[in-house]
>>> print(open('my_file.cif').read())   # mmCIF, C-alpha atoms
data_my_file
loop_
_atom_site.label_atom_id
_atom_site.label_comp_id
_atom_site.auth_asym_id
_atom_site.auth_seq_id
_atom_site.Cartn_x
_atom_site.Cartn_y
_atom_site.Cartn_z
CA MET P 75 49.15 53.40 -23.08
CA PHE P 76 49.46 51.17 -26.16
CA LEU P 77 53.25 50.70 -25.74
CA PRO P 78 52.76 48.45 -22.66
CA LEU P 79 50.28 46.42 -24.70
CA TYR P 80 52.96 45.74 -27.29
CA MET P 81 55.22 44.52 -24.49
CA LEU P 82 52.52 42.02 -23.59
CA ALA P 83 52.14 41.09 -27.26
CA VAL P 84 55.83 40.07 -27.40
CA ALA P 85 55.19 37.54 -24.64
CA VAL P 86 52.01 36.35 -26.37
CA PHE P 87 54.08 35.88 -29.55
CA ALA P 88 56.62 33.69 -27.71
CA MET P 89 53.89 31.61 -26.10
CA GLY P 90 51.89 31.29 -29.31
CA THR P 91 54.98 30.17 -31.18
CA SER P 92 55.58 27.46 -28.57
CA GLU P 93 52.01 26.24 -28.93
CA PHE P 94 51.80 26.19 -32.73
CA MET P 95 55.32 25.01 -33.58
CA LEU P 96 54.89 21.67 -31.81
CA ALA P 97 52.98 20.11 -34.70
CA GLY P 98 56.10 20.29 -36.86
CA LEU P 99 58.36 18.87 -34.14
CA VAL P 100 56.39 15.75 -33.22
CA PRO P 101 58.34 13.33 -35.49
CA ASP P 102 61.70 14.58 -34.20
CA ILE P 103 60.57 14.38 -30.57
CA ALA P 104 59.21 10.86 -31.08
CA ASN P 105 62.47 9.73 -32.68
CA SER P 106 64.74 11.44 -30.13
CA LEU P 107 62.90 10.19 -27.04
CA GLU P 108 62.04 6.78 -28.53
CA VAL P 109 58.26 7.03 -28.29
CA SER P 110 55.55 6.59 -30.88
CA ILE P 111 54.19 9.43 -33.01
CA GLY P 112 50.87 9.03 -31.21
CA ALA P 113 52.52 9.38 -27.81
CA ALA P 114 54.43 12.46 -28.93
CA GLY P 115 51.16 13.91 -30.14
CA LEU P 116 49.95 13.85 -26.55
CA LEU P 117 52.17 16.89 -25.98
CA THR P 118 49.73 18.96 -28.04
CA SER P 119 46.69 17.59 -26.21
CA ALA P 120 48.33 18.15 -22.82
CA PHE P 121 49.04 21.76 -23.72
CA ALA P 122 45.45 22.36 -24.85
CA VAL P 123 43.98 20.84 -21.69
CA GLY P 124 46.41 22.84 -19.57
CA MET P 125 45.28 26.04 -21.29
CA ILE P 126 41.58 25.34 -20.66
CA VAL P 127 42.01 24.37 -17.01
CA GLY P 128 44.78 26.85 -16.35
CA ALA P 129 43.01 30.05 -17.39
CA PRO P 130 40.46 30.25 -14.54
CA LEU P 131 42.67 28.35 -12.06
CA MET P 132 45.74 30.56 -12.48
CA ALA P 133 43.67 33.74 -12.59
CA ALA P 134 41.97 32.79 -9.33
CA LEU P 135 45.25 31.92 -7.59
CA ALA P 136 46.98 35.14 -8.68
CA ARG P 137 44.05 37.56 -8.49
CA ARG P 138 45.40 39.33 -5.37
CA TRP P 139 48.90 39.81 -6.80
CA PRO P 140 49.97 43.02 -8.57
CA ALA P 141 49.45 42.57 -12.30
CA ARG P 142 53.05 43.33 -13.26
CA THR P 143 54.38 40.81 -10.73
CA THR P 144 51.93 38.18 -11.93
CA LEU P 145 52.78 38.66 -15.60
CA LEU P 146 56.52 38.51 -14.89
CA PHE P 147 56.05 35.34 -12.83
CA PHE P 148 54.18 33.55 -15.59
CA VAL P 149 56.69 34.60 -18.28
CA LEU P 150 59.63 33.37 -16.18
CA VAL P 151 57.89 30.06 -15.40
CA PHE P 152 57.20 29.64 -19.11
CA ALA P 153 60.89 30.26 -19.90
CA VAL P 154 62.09 27.79 -17.26
CA THR P 155 59.79 25.03 -18.54
CA HIS P 156 61.37 25.38 -21.98
CA ILE P 157 64.88 25.22 -20.57
CA VAL P 158 63.96 22.04 -18.70
CA GLY P 159 62.23 20.71 -21.82
CA ALA P 160 65.35 21.33 -23.91
CA LEU P 161 67.46 19.41 -21.39
CA ALA P 162 64.95 16.59 -20.84
CA THR P 163 65.97 13.06 -21.80
CA SER P 164 62.66 11.53 -20.69
CA PHE P 165 59.34 11.90 -22.48
CA ALA P 166 57.54 11.96 -19.12
CA VAL P 167 59.58 15.00 -18.03
CA LEU P 168 58.89 16.75 -21.34
CA LEU P 169 55.16 16.04 -20.98
CA VAL P 170 55.14 17.56 -17.49
CA THR P 171 56.94 20.67 -18.75
CA ARG P 172 54.30 21.12 -21.46
CA VAL P 173 51.49 20.97 -18.91
CA ILE P 174 53.24 23.52 -16.67
CA ALA P 175 53.99 25.72 -19.68
CA ALA P 176 50.32 25.61 -20.66
CA LEU P 177 49.26 26.62 -17.16
CA ALA P 178 51.70 29.55 -17.27
CA ASN P 179 50.54 30.50 -20.75
CA ALA P 180 46.88 30.39 -19.72
CA GLY P 181 47.55 32.36 -16.56
CA PHE P 182 49.53 34.98 -18.43
CA LEU P 183 46.90 35.44 -21.14
CA ALA P 184 44.07 35.60 -18.62
CA VAL P 185 45.82 38.28 -16.56
CA ALA P 186 47.06 40.10 -19.68
CA LEU P 187 43.52 40.38 -21.07
CA SER P 188 42.20 41.74 -17.79
CA THR P 189 45.16 44.10 -17.43
CA ALA P 190 44.91 45.31 -21.03
CA ALA P 191 41.35 46.44 -20.40
CA THR P 192 42.61 48.75 -17.62
CA LEU P 193 45.38 50.28 -19.77
CA VAL P 194 42.97 51.84 -22.26
CA ALA P 195 39.79 53.87 -22.17
CA ALA P 196 36.62 52.03 -21.22
CA ASP P 197 35.42 51.95 -24.84
CA GLN P 198 38.72 50.68 -26.35
CA LYS P 199 38.79 47.07 -25.14
CA GLY P 200 38.59 45.84 -28.72
CA ARG P 201 41.70 47.75 -29.76
CA ALA P 202 43.56 46.46 -26.71
CA LEU P 203 42.55 42.90 -27.52
CA ALA P 204 43.65 43.36 -31.13
CA VAL P 205 47.16 44.33 -29.99
CA LEU P 206 47.41 41.26 -27.74
CA LEU P 207 46.07 38.88 -30.38
CA SER P 208 48.50 40.32 -32.92
CA GLY P 209 51.12 38.38 -30.96
CA THR P 210 49.19 35.17 -31.61
CA THR P 211 48.65 35.91 -35.30
CA MET P 212 52.32 36.78 -35.80
CA ALA P 213 53.15 33.46 -34.14
CA THR P 214 51.22 31.68 -36.90
CA VAL P 215 52.79 33.86 -39.63
CA ALA P 216 56.44 33.76 -38.55
CA GLY P 217 56.99 32.10 -35.18
CA ALA P 218 55.62 28.64 -35.85
CA PRO P 219 57.19 28.15 -39.34
CA CYS P 220 60.57 29.47 -38.12
CA GLY P 221 60.37 27.32 -35.00
CA ALA P 222 59.59 24.22 -37.04
CA LEU P 223 62.44 25.03 -39.47
CA LEU P 224 64.90 25.55 -36.61
CA GLY P 225 63.83 22.23 -35.11
CA THR P 226 64.30 20.49 -38.43
CA LEU P 227 67.81 21.88 -38.89
CA LEU P 228 69.14 21.70 -35.32
CA GLY P 229 66.76 19.41 -33.43
CA TYR P 230 63.68 20.21 -31.38
CA GLN P 231 65.85 21.21 -28.39
CA ALA P 232 67.09 24.26 -30.32
CA THR P 233 63.52 25.47 -30.71
CA PHE P 234 62.89 25.13 -26.99
CA TRP P 235 66.01 27.19 -26.27
CA ALA P 236 64.83 29.84 -28.76
CA ILE P 237 61.48 30.16 -26.97
CA ALA P 238 63.25 30.57 -23.63
CA LEU P 239 65.39 33.34 -25.13
CA LEU P 240 62.30 35.07 -26.56
CA CYS P 241 60.92 35.29 -23.04
CA VAL P 242 63.86 37.47 -21.95
CA PRO P 243 62.93 40.64 -23.91
CA ALA P 244 59.28 39.98 -23.07
CA ALA P 245 60.09 39.92 -19.34
CA VAL P 246 62.22 43.06 -19.60
CA GLY P 247 59.48 44.81 -21.56
CA ILE P 248 56.87 43.92 -18.94
CA ALA P 249 59.11 45.03 -16.07
CA LYS P 250 59.88 48.34 -17.75
CA GLY P 251 56.68 48.99 -19.66
CA ILE P 252 53.79 47.85 -17.46
CA PRO P 253 52.96 50.45 -14.80
CA ALA P 254 53.19 49.31 -11.19
CA ASP P 255 49.52 50.20 -10.69
CA ALA P 256 48.29 48.45 -13.83
CA GLY P 257 45.55 45.86 -13.57
CA ALA P 258 42.48 45.43 -11.45
CA THR P 259 44.31 43.80 -8.56
CA SER P 260 47.16 46.19 -8.15
CA ALA P 261 45.20 48.67 -6.08
CA GLY P 262 44.93 46.20 -3.25
CA ALA P 263 42.74 43.33 -2.17
CA SER P 264 39.78 45.53 -1.39
CA ALA P 265 39.65 46.91 -4.94
CA SER P 266 38.26 43.74 -6.48
CA PRO P 267 35.04 41.92 -5.62
CA PRO P 268 35.12 38.56 -3.81
CA LEU P 269 36.03 35.59 -5.97
CA ARG P 270 32.61 33.99 -5.49
CA ASN P 271 30.98 37.13 -6.91
CA GLU P 272 33.20 37.03 -9.97
CA ILE P 273 32.51 33.34 -10.54
CA ALA P 274 28.80 34.03 -10.08
CA GLN P 275 28.96 36.16 -13.23
CA LEU P 276 29.11 32.90 -15.18
CA ALA P 277 25.45 32.38 -14.31
CA ARG P 278 24.53 35.41 -16.42
CA PRO P 279 22.99 34.38 -19.77
CA GLY P 280 24.69 37.27 -21.59
CA LEU P 281 28.18 36.17 -20.58
CA ILE P 282 27.53 32.49 -21.22
CA ARG P 283 26.13 33.35 -24.64
CA VAL P 284 29.19 35.22 -25.87
CA ILE P 285 31.54 32.60 -24.40
CA LEU P 286 29.64 29.92 -26.33
CA LEU P 287 29.70 31.93 -29.55
CA SER P 288 33.43 32.62 -29.18
CA ALA P 289 34.11 28.92 -28.64
CA LEU P 290 32.02 27.91 -31.67
CA VAL P 291 33.74 30.35 -34.03
CA ASN P 292 37.21 29.43 -32.76
CA ALA P 293 36.35 25.72 -33.04
CA ALA P 294 35.39 26.32 -36.67
CA THR P 295 38.68 28.12 -37.28
CA PHE P 296 40.89 25.38 -35.85
CA ALA P 297 38.81 22.55 -37.31
CA THR P 298 40.08 23.45 -40.77
CA PHE P 299 43.41 25.07 -39.84
CA THR P 300 44.58 21.87 -38.13
CA PHE P 301 43.94 19.74 -41.22
CA LEU P 302 44.88 22.28 -43.89
CA ALA P 303 47.99 20.42 -45.07
CA PRO P 304 46.20 17.44 -46.71
CA ILE P 305 43.73 19.80 -48.36
CA VAL P 306 46.63 21.69 -49.95
CA THR P 307 48.55 18.61 -51.08
CA ASP P 308 45.88 15.98 -51.78
CA THR P 309 42.77 17.95 -52.71
CA ALA P 310 44.41 20.87 -54.52
CA GLY P 311 47.31 18.74 -55.77
CA LEU P 312 50.03 21.18 -54.74
CA GLU P 313 53.54 20.22 -53.67
CA GLU P 314 54.35 19.97 -49.96
CA LEU P 315 56.31 23.23 -50.15
CA TRP P 316 52.97 25.01 -50.62
CA VAL P 317 51.80 23.96 -47.14
CA PRO P 318 53.88 26.59 -45.28
CA VAL P 319 52.78 29.11 -47.92
CA ALA P 320 49.14 28.34 -47.14
CA LEU P 321 49.76 28.51 -43.40
CA THR P 322 51.49 31.85 -43.83
CA LEU P 323 48.59 33.19 -45.90
CA PHE P 324 46.20 32.12 -43.14
CA GLY P 325 48.39 33.84 -40.57
CA VAL P 326 48.64 37.06 -42.57
CA GLY P 327 44.88 37.03 -43.03
CA SER P 328 44.33 36.52 -39.32
CA PHE P 329 46.60 39.49 -38.56
CA VAL P 330 44.64 41.67 -40.98
CA GLY P 331 41.33 40.50 -39.51
CA VAL P 332 42.36 41.17 -35.91
CA THR P 333 43.76 44.59 -36.78
CA VAL P 334 40.67 45.75 -38.68
CA ALA P 335 38.24 44.29 -36.14
CA GLY P 336 40.15 45.97 -33.32
CA ARG P 337 39.01 49.33 -34.69
CA LEU P 338 35.42 48.21 -35.26
CA SER P 339 34.55 45.85 -32.41
CA ASP P 340 34.32 48.64 -29.82
CA GLN P 341 32.19 51.07 -31.82
CA ARG P 342 30.29 48.84 -34.24
CA PRO P 343 30.28 45.26 -32.94
CA ALA P 344 26.83 44.47 -34.32
CA VAL P 345 27.83 45.48 -37.85
CA THR P 346 31.06 43.48 -37.59
CA ILE P 347 29.21 40.34 -36.49
CA ALA P 348 26.34 40.80 -38.98
CA VAL P 349 28.73 41.22 -41.93
CA CYS P 350 31.64 38.92 -41.07
CA GLY P 351 29.49 36.03 -39.84
CA PRO P 352 27.51 35.27 -43.02
CA VAL P 353 30.51 36.00 -45.27
CA LEU P 354 32.63 33.64 -43.17
CA LEU P 355 30.01 30.91 -43.62
CA LEU P 356 29.93 31.44 -47.38
CA GLY P 357 33.71 31.26 -47.41
CA TRP P 358 33.78 27.87 -45.68
CA VAL P 359 31.18 26.51 -48.09
CA ALA P 360 33.16 27.90 -51.03
CA MET P 361 36.35 26.25 -49.75
CA ALA P 362 34.56 22.92 -49.32
CA THR P 363 33.35 23.02 -52.93
CA LEU P 364 36.26 24.75 -54.71
CA ALA P 365 39.32 23.46 -52.83
CA ALA P 366 40.47 21.48 -55.87
CA TYR P 367 41.39 24.75 -57.60
CA PRO P 368 44.77 25.84 -56.14
CA ALA P 369 44.51 29.60 -56.74
CA THR P 370 40.98 29.70 -55.33
CA LEU P 371 41.99 27.65 -52.31
CA LEU P 372 44.93 29.93 -51.47
CA PHE P 373 42.74 33.01 -51.82
CA LEU P 374 40.13 31.49 -49.53
CA VAL P 375 42.75 30.48 -46.98
CA PHE P 376 43.71 34.16 -46.67
CA THR P 377 40.14 35.48 -46.53
CA GLN P 378 38.98 32.81 -44.07
CA GLY P 379 41.89 33.63 -41.78
CA ALA P 380 40.92 37.31 -41.88
CA LEU P 381 37.18 36.72 -41.37
CA SER P 382 37.64 34.06 -38.68
CA PHE P 383 39.83 36.25 -36.53
CA ALA P 384 37.80 39.39 -37.19
CA LEU P 385 34.63 37.67 -35.99
CA GLY P 386 36.37 35.70 -33.24
CA SER P 387 38.18 38.70 -31.76
CA THR P 388 34.97 40.75 -31.84
CA LEU P 389 33.15 38.06 -29.84
CA ILE P 390 36.05 37.77 -27.37
CA THR P 391 35.84 41.53 -26.92
CA ARG P 392 32.16 41.09 -26.05
CA VAL P 393 33.24 38.57 -23.37
CA LEU P 394 35.42 41.26 -21.78
CA TYR P 395 32.58 43.79 -21.88
CA GLU P 396 30.08 41.32 -20.44
CA ALA P 397 32.57 40.35 -17.72
CA GLU P 398 33.15 43.91 -16.48
CA ASP P 399 31.88 42.88 -13.04
CA ALA P 400 34.58 40.18 -12.90
CA PRO P 401 37.69 42.39 -13.23
CA THR P 402 40.22 39.75 -12.20
CA MET P 403 38.52 36.71 -13.77
CA GLY P 404 37.11 38.16 -17.00
CA GLY P 405 40.32 37.58 -18.92
CA SER P 406 40.28 33.92 -17.88
CA TYR P 407 36.75 33.52 -19.23
CA ALA P 408 37.90 34.93 -22.58
CA THR P 409 40.99 32.70 -22.57
CA ALA P 410 38.92 29.61 -21.77
CA ALA P 411 36.50 30.41 -24.61
CA LEU P 412 39.40 30.63 -27.07
CA ASN P 413 40.96 27.37 -25.96
CA ILE P 414 37.76 25.35 -25.66
CA GLY P 415 37.27 26.14 -29.32
CA ALA P 416 40.88 25.42 -30.24
CA ALA P 417 40.77 22.05 -28.46
CA SER P 418 37.31 20.87 -29.51
CA GLY P 419 37.30 21.97 -33.15
CA PRO P 420 40.05 19.59 -34.32
CA VAL P 421 38.54 16.72 -32.31
CA VAL P 422 35.16 17.13 -33.99
CA ALA P 423 36.78 17.62 -37.41
CA ALA P 424 38.90 14.49 -37.01
CA THR P 425 35.76 12.34 -36.81
CA THR P 426 34.81 13.42 -40.34
CA LEU P 427 38.09 12.46 -42.03
CA GLY P 428 37.00 8.88 -42.63
CA ALA P 429 33.59 9.88 -43.94
CA GLY P 430 32.57 10.49 -47.53
CA ALA P 431 33.84 14.06 -47.51
CA GLY P 432 37.43 12.90 -47.02
CA ASN P 433 39.93 15.71 -46.55
CA LEU P 434 37.16 18.27 -46.84
CA GLY P 435 35.25 16.92 -43.84
CA PRO P 436 36.89 19.47 -41.52
CA VAL P 437 35.84 22.33 -43.81
CA TRP P 438 32.22 21.17 -43.73
CA THR P 439 32.60 20.91 -39.95
CA SER P 440 33.68 24.56 -39.90
CA SER P 441 30.62 25.45 -41.97
CA LEU P 442 28.26 23.71 -39.56
CA LEU P 443 29.88 25.28 -36.48
CA VAL P 444 29.59 28.79 -37.93
CA THR P 445 25.99 28.06 -38.97
CA LEU P 446 25.19 27.14 -35.37
CA ALA P 447 26.89 30.29 -34.11
CA LEU P 448 24.92 32.49 -36.52
CA ALA P 449 21.66 30.78 -35.60
CA ILE P 450 22.28 31.88 -32.01
CA ALA P 451 23.81 35.30 -32.68
CA LEU P 452 21.77 36.92 -35.44
CA PRO P 453 18.33 36.80 -33.75
CA LEU P 454 19.88 38.26 -30.57
CA LEU P 455 22.31 40.67 -32.23
CA ARG P 456 21.19 43.78 -30.31
CA VAL P 457 21.57 41.92 -27.03
CA ILE P 458 24.96 40.39 -27.88
CA ALA P 459 26.39 43.59 -29.35
CA PRO P 460 24.60 46.60 -27.85
CA SER P 461 25.47 50.20 -28.60
CA VAL P 462 28.66 51.77 -27.30
CA GLY P 463 28.70 52.14 -23.55
CA GLN P 464 25.78 49.78 -23.03
CA VAL P 465 25.85 46.18 -21.85
CA ILE P 466 22.45 44.55 -21.80
CA ARG P 467 22.28 42.10 -18.93
#
>>> encode(input="my_file.cif", output="C-alpha cells")
Amino acid sequence: MFLPLYMLAVAVFAMGTSEFMLAGLVPDIANSLEVSIGAAGLLTSAFAVGMIVGAPLMAALARRWPARTTLLFFVLVFAVTHIVGALATSFAVLLVTRVIAALANAGFLAVALSTAATLVAADQKGRALAVLLSGTTMATVAGAPCGALLGTLLGYQATFWAIALLCVPAAVGIAKGIPADAGATSAGASASPPLRNEIAQLARPGLIRVILLSALVNAATFATFTFLAPIVTDTAGLEELWVPVALTLFGVGSFVGVTVAGRLSDQRPAVTIAVCGPVLLLGWVAMATLAAYPATLLFLVFTQGALSFALGSTLITRVLYEAEDAPTMGGSYATAALNIGAASGPVVAATTLGAGAGNLGPVWTSSLLVTLALAIALPLLRVIAPSVGQVIR
C-alpha cells in the first residue's frame, strides 16, 4: 500500500513548495503590489498561523467525510487559491488566499497523516510518515529553490500558476491511488469515536509530552534554517550564490534523515531518540562555534538537516502512536506540533539577532531548544518510546 502514500507525497511536495518558496518572492510581491517588505512578510506569518489553527479545525469539520473525498477537496481548494493569488491585483486578496491555502494545507496534512496510518500495518506508522515527509523535504531540496528562481525570472505570479499545475497530478493520483475505503472515517460515522472523546485525548500526559517534544525539536530546526543565509554570507564569508547550495544541502540531509528514521522509528524509537538527540545538540554547538569555517559549516548544515528530521520525524511518529484513540484527529495533533515549532522557532531566534551572538544567535537558540527537549525526553525515554506494540499511557 505504499504507492498511495507516494500519491499523497506529491501533494505534500506541492504544498511544501508553496510554503517555503514565499521567502524568496517577498521583494517581488512587495514591489508588484506596492506594499512594504514588512507587509509582504505578513504572507508568511498568515500562512503559519493558518497551518496551526487549520489542522485541528479542518480535521474536525471533515472527520465524517470519506478520506479520499476530503483529500481531493483540500487539494482542489489549494489549487484554486493559487489561481486566485496569481490573478490578484490587491495585497488584501493575496493575503486572504494565503490564509485559505494554509487552512487547506493543514487540513490535507492532518487527514493524510491519519489516513496514512490506516494504509500500512499497525507497526509501520514511521515508514508511512517518512514517505509523506519526503514530500516536504523534497520541497526544500528542489521545490522552493526552483519556485524562487521561476519567480525571479517570470514574476511571482508564474510560481503561483506552477503550484496550481502541480496540484493536478496530485489530485489525479489521489483519485486513482487512494482506496475508497481508506482512512478512519470512510467506514461510516459510527466507526470513529465522538469528537469530544478524541479531543479528550489531549488531556493525556503521554500525548502532550510527545507533542511538546516534537514542537521543541522543530522549533530548533527552523530557528536556524530561517536565518541560515546571513550565517553563510556574513559569518562564513561565502558569496551569495552559496546560500542556495547550503539550503539544498540542508534539504538533502533532511531527506536522508527522514528516510533512515522511517525504518527505525517504528522498531527502535528509543535508540533513535537516544542517539540522534545528543548528537544533534553537539552539532548545533559545533555550528555555533565553527561557522566561520566554510567547509565545516556546509558539512554541519547537511548533518544537522539529517539529524533534525530524523529526530523530529521519530517524535511525530510517537504522536501518531499515542493518538491511536483519536483516529480522525491524531493527524491534526501531529500537524499542529510541526507548525507550532515552525512558527515559534524563528520568532524566538529573531530576538537574539541583536544580541552579542549576532548572526549565530539563532544557532545558540537551536542548541537551547534541543537541550530542553533532551532534558524532558531522556529521563522518560522508556515511557516516550516504549517497545514495539506497546504504548504506555
>>> atom_distance(input="my_file.cif", atom1="atom CA of Leu286 of chain P", atom2="atom CA of Pro267 of chain P")
24.5 Å
>>> closest_residue(input="my_file.cif", among="P:Arg137, P:Pro101, P:Gly247, P:Ser119", to="Val421 of chain P", atoms="only C-alpha atoms")
P:Ser119
>>> resolve_selection(input="my_file.cif", expression="the PyMOL selection byres ((chain P and resi 299-302) around 8)", output="PyMOL selection string")
chain P and resi 295-298+303-306+317+321+420+433+436
>>> resolve_selection(input="my_file.cif", expression="the PyMOL selection byres ((chain P and resi 178) around 10)", output="ChimeraX atom specification")
/P:89,124-125,128-129,132,145,147-153,155,172-177,179-184
>>> resolve_selection(input="my_file.cif", expression="the PyMOL selection byres ((chain P and resi 359) around 12)", output="PyMOL selection string")
chain P and resi 298+352-358+360-365+371+374+378+434-445
>>> closest_residue(input="my_file.cif", among="P:Leu96, P:Ala120, P:Ala232, P:Leu394", to="Ser288 of chain P", atoms="only C-alpha atoms")
P:Leu394
>>> closest_residue(input="my_file.cif", among="P:Leu381, P:Ala423, P:Val170, P:Ile414", to="Leu116 of chain P", atoms="all atoms listed in the file")
P:Val170
>>> residues_around(input="my_file.cif", residues="Gly225 of chain P", least_positions_apart="6", cutoff="10 Å", atoms="all atoms listed in the file", output="list in words")
Met95, Leu96, Gly98, Leu99, Asp102, Ile103, Pro219, Gln231, Ala232, Thr233, Phe234 and Ala236 of chain P
>>> decode(input="my_file.cif", residues="segment 280-344 of chain P", atoms="C-alpha atoms", output="mmCIF file, in the first residue's frame")
data_model
loop_
_atom_site.group_PDB
_atom_site.id
_atom_site.type_symbol
_atom_site.label_atom_id
_atom_site.label_comp_id
_atom_site.auth_asym_id
_atom_site.auth_seq_id
_atom_site.Cartn_x
_atom_site.Cartn_y
_atom_site.Cartn_z
ATOM 1 C CA GLY P 280 1.840 10.930 27.171
ATOM 2 C CA LEU P 281 0.331 12.655 24.139
ATOM 3 C CA ILE P 282 1.019 16.157 25.421
ATOM 4 C CA ARG P 283 4.610 15.167 26.142
ATOM 5 C CA VAL P 284 5.412 13.983 22.624
ATOM 6 C CA ILE P 285 3.598 16.961 21.075
ATOM 7 C CA LEU P 286 5.750 19.288 23.193
ATOM 8 C CA LEU P 287 8.944 17.451 22.286
ATOM 9 C CA SER P 288 8.060 17.493 18.585
ATOM 10 C CA ALA P 289 7.390 21.234 18.736
ATOM 11 C CA LEU P 290 10.676 21.927 20.555
ATOM 12 C CA VAL P 291 12.794 19.969 18.070
ATOM 13 C CA ASN P 292 11.032 21.505 15.069
ATOM 14 C CA ALA P 293 11.391 24.975 16.601
ATOM 15 C CA ALA P 294 15.128 24.343 16.921
ATOM 16 C CA THR P 295 15.283 23.249 13.279
ATOM 17 C CA PHE P 296 13.531 26.314 11.878
ATOM 18 C CA ALA P 297 15.240 28.733 14.270
ATOM 19 C CA THR P 298 18.496 28.232 12.380
ATOM 20 C CA PHE P 299 17.113 27.269 8.957
ATOM 21 C CA THR P 300 15.221 30.571 8.693
ATOM 22 C CA PHE P 301 18.357 32.647 9.318
ATOM 23 C CA LEU P 302 20.886 30.442 7.531
ATOM 24 C CA ALA P 303 21.597 32.926 4.720
ATOM 25 C CA PRO P 304 23.437 35.560 6.831
ATOM 26 C CA ILE P 305 25.453 32.817 8.524
ATOM 27 C CA VAL P 306 26.626 31.597 5.116
ATOM 28 C CA THR P 307 27.448 35.045 3.715
ATOM 29 C CA ASP P 308 28.489 37.119 6.739
ATOM 30 C CA THR P 309 29.873 34.609 9.238
ATOM 31 C CA ALA P 310 31.465 32.140 6.812
ATOM 32 C CA GLY P 311 32.266 34.848 4.257
ATOM 33 C CA LEU P 312 30.886 32.956 1.268
ATOM 34 C CA GLU P 313 29.319 34.544 -1.804
ATOM 35 C CA GLU P 314 25.528 34.810 -2.024
ATOM 36 C CA LEU P 315 25.472 32.009 -4.605
ATOM 37 C CA TRP P 316 26.424 29.622 -1.788
ATOM 38 C CA VAL P 317 23.136 30.292 0.034
ATOM 39 C CA PRO P 318 21.032 28.054 -2.250
ATOM 40 C CA VAL P 319 23.821 25.463 -2.052
ATOM 41 C CA ALA P 320 23.558 25.474 1.738
ATOM 42 C CA LEU P 321 19.770 25.285 1.613
ATOM 43 C CA THR P 322 19.982 22.368 -0.788
ATOM 44 C CA LEU P 323 22.465 20.570 1.470
ATOM 45 C CA PHE P 324 20.061 21.038 4.375
ATOM 46 C CA GLY P 325 17.219 19.688 2.266
ATOM 47 C CA VAL P 326 19.197 16.654 1.104
ATOM 48 C CA GLY P 327 20.189 15.967 4.693
ATOM 49 C CA SER P 328 16.586 16.213 5.839
ATOM 50 C CA PHE P 329 15.542 13.723 3.146
ATOM 51 C CA VAL P 330 18.242 11.288 4.275
ATOM 52 C CA GLY P 331 17.243 11.731 7.924
ATOM 53 C CA VAL P 332 13.540 11.137 7.285
ATOM 54 C CA THR P 333 14.239 8.100 5.123
ATOM 55 C CA VAL P 334 16.564 6.427 7.624
ATOM 56 C CA ALA P 335 14.386 7.277 10.620
ATOM 57 C CA GLY P 336 11.336 5.898 8.823
ATOM 58 C CA ARG P 337 12.888 2.440 9.068
ATOM 59 C CA LEU P 338 13.953 2.846 12.690
ATOM 60 C CA SER P 339 11.227 4.880 14.397
ATOM 61 C CA ASP P 340 8.731 2.000 14.417
ATOM 62 C CA GLN P 341 11.036 -0.717 15.722
ATOM 63 C CA ARG P 342 13.681 1.182 17.682
ATOM 64 C CA PRO P 343 12.360 4.639 18.583
ATOM 65 C CA ALA P 344 14.204 4.786 21.906
#
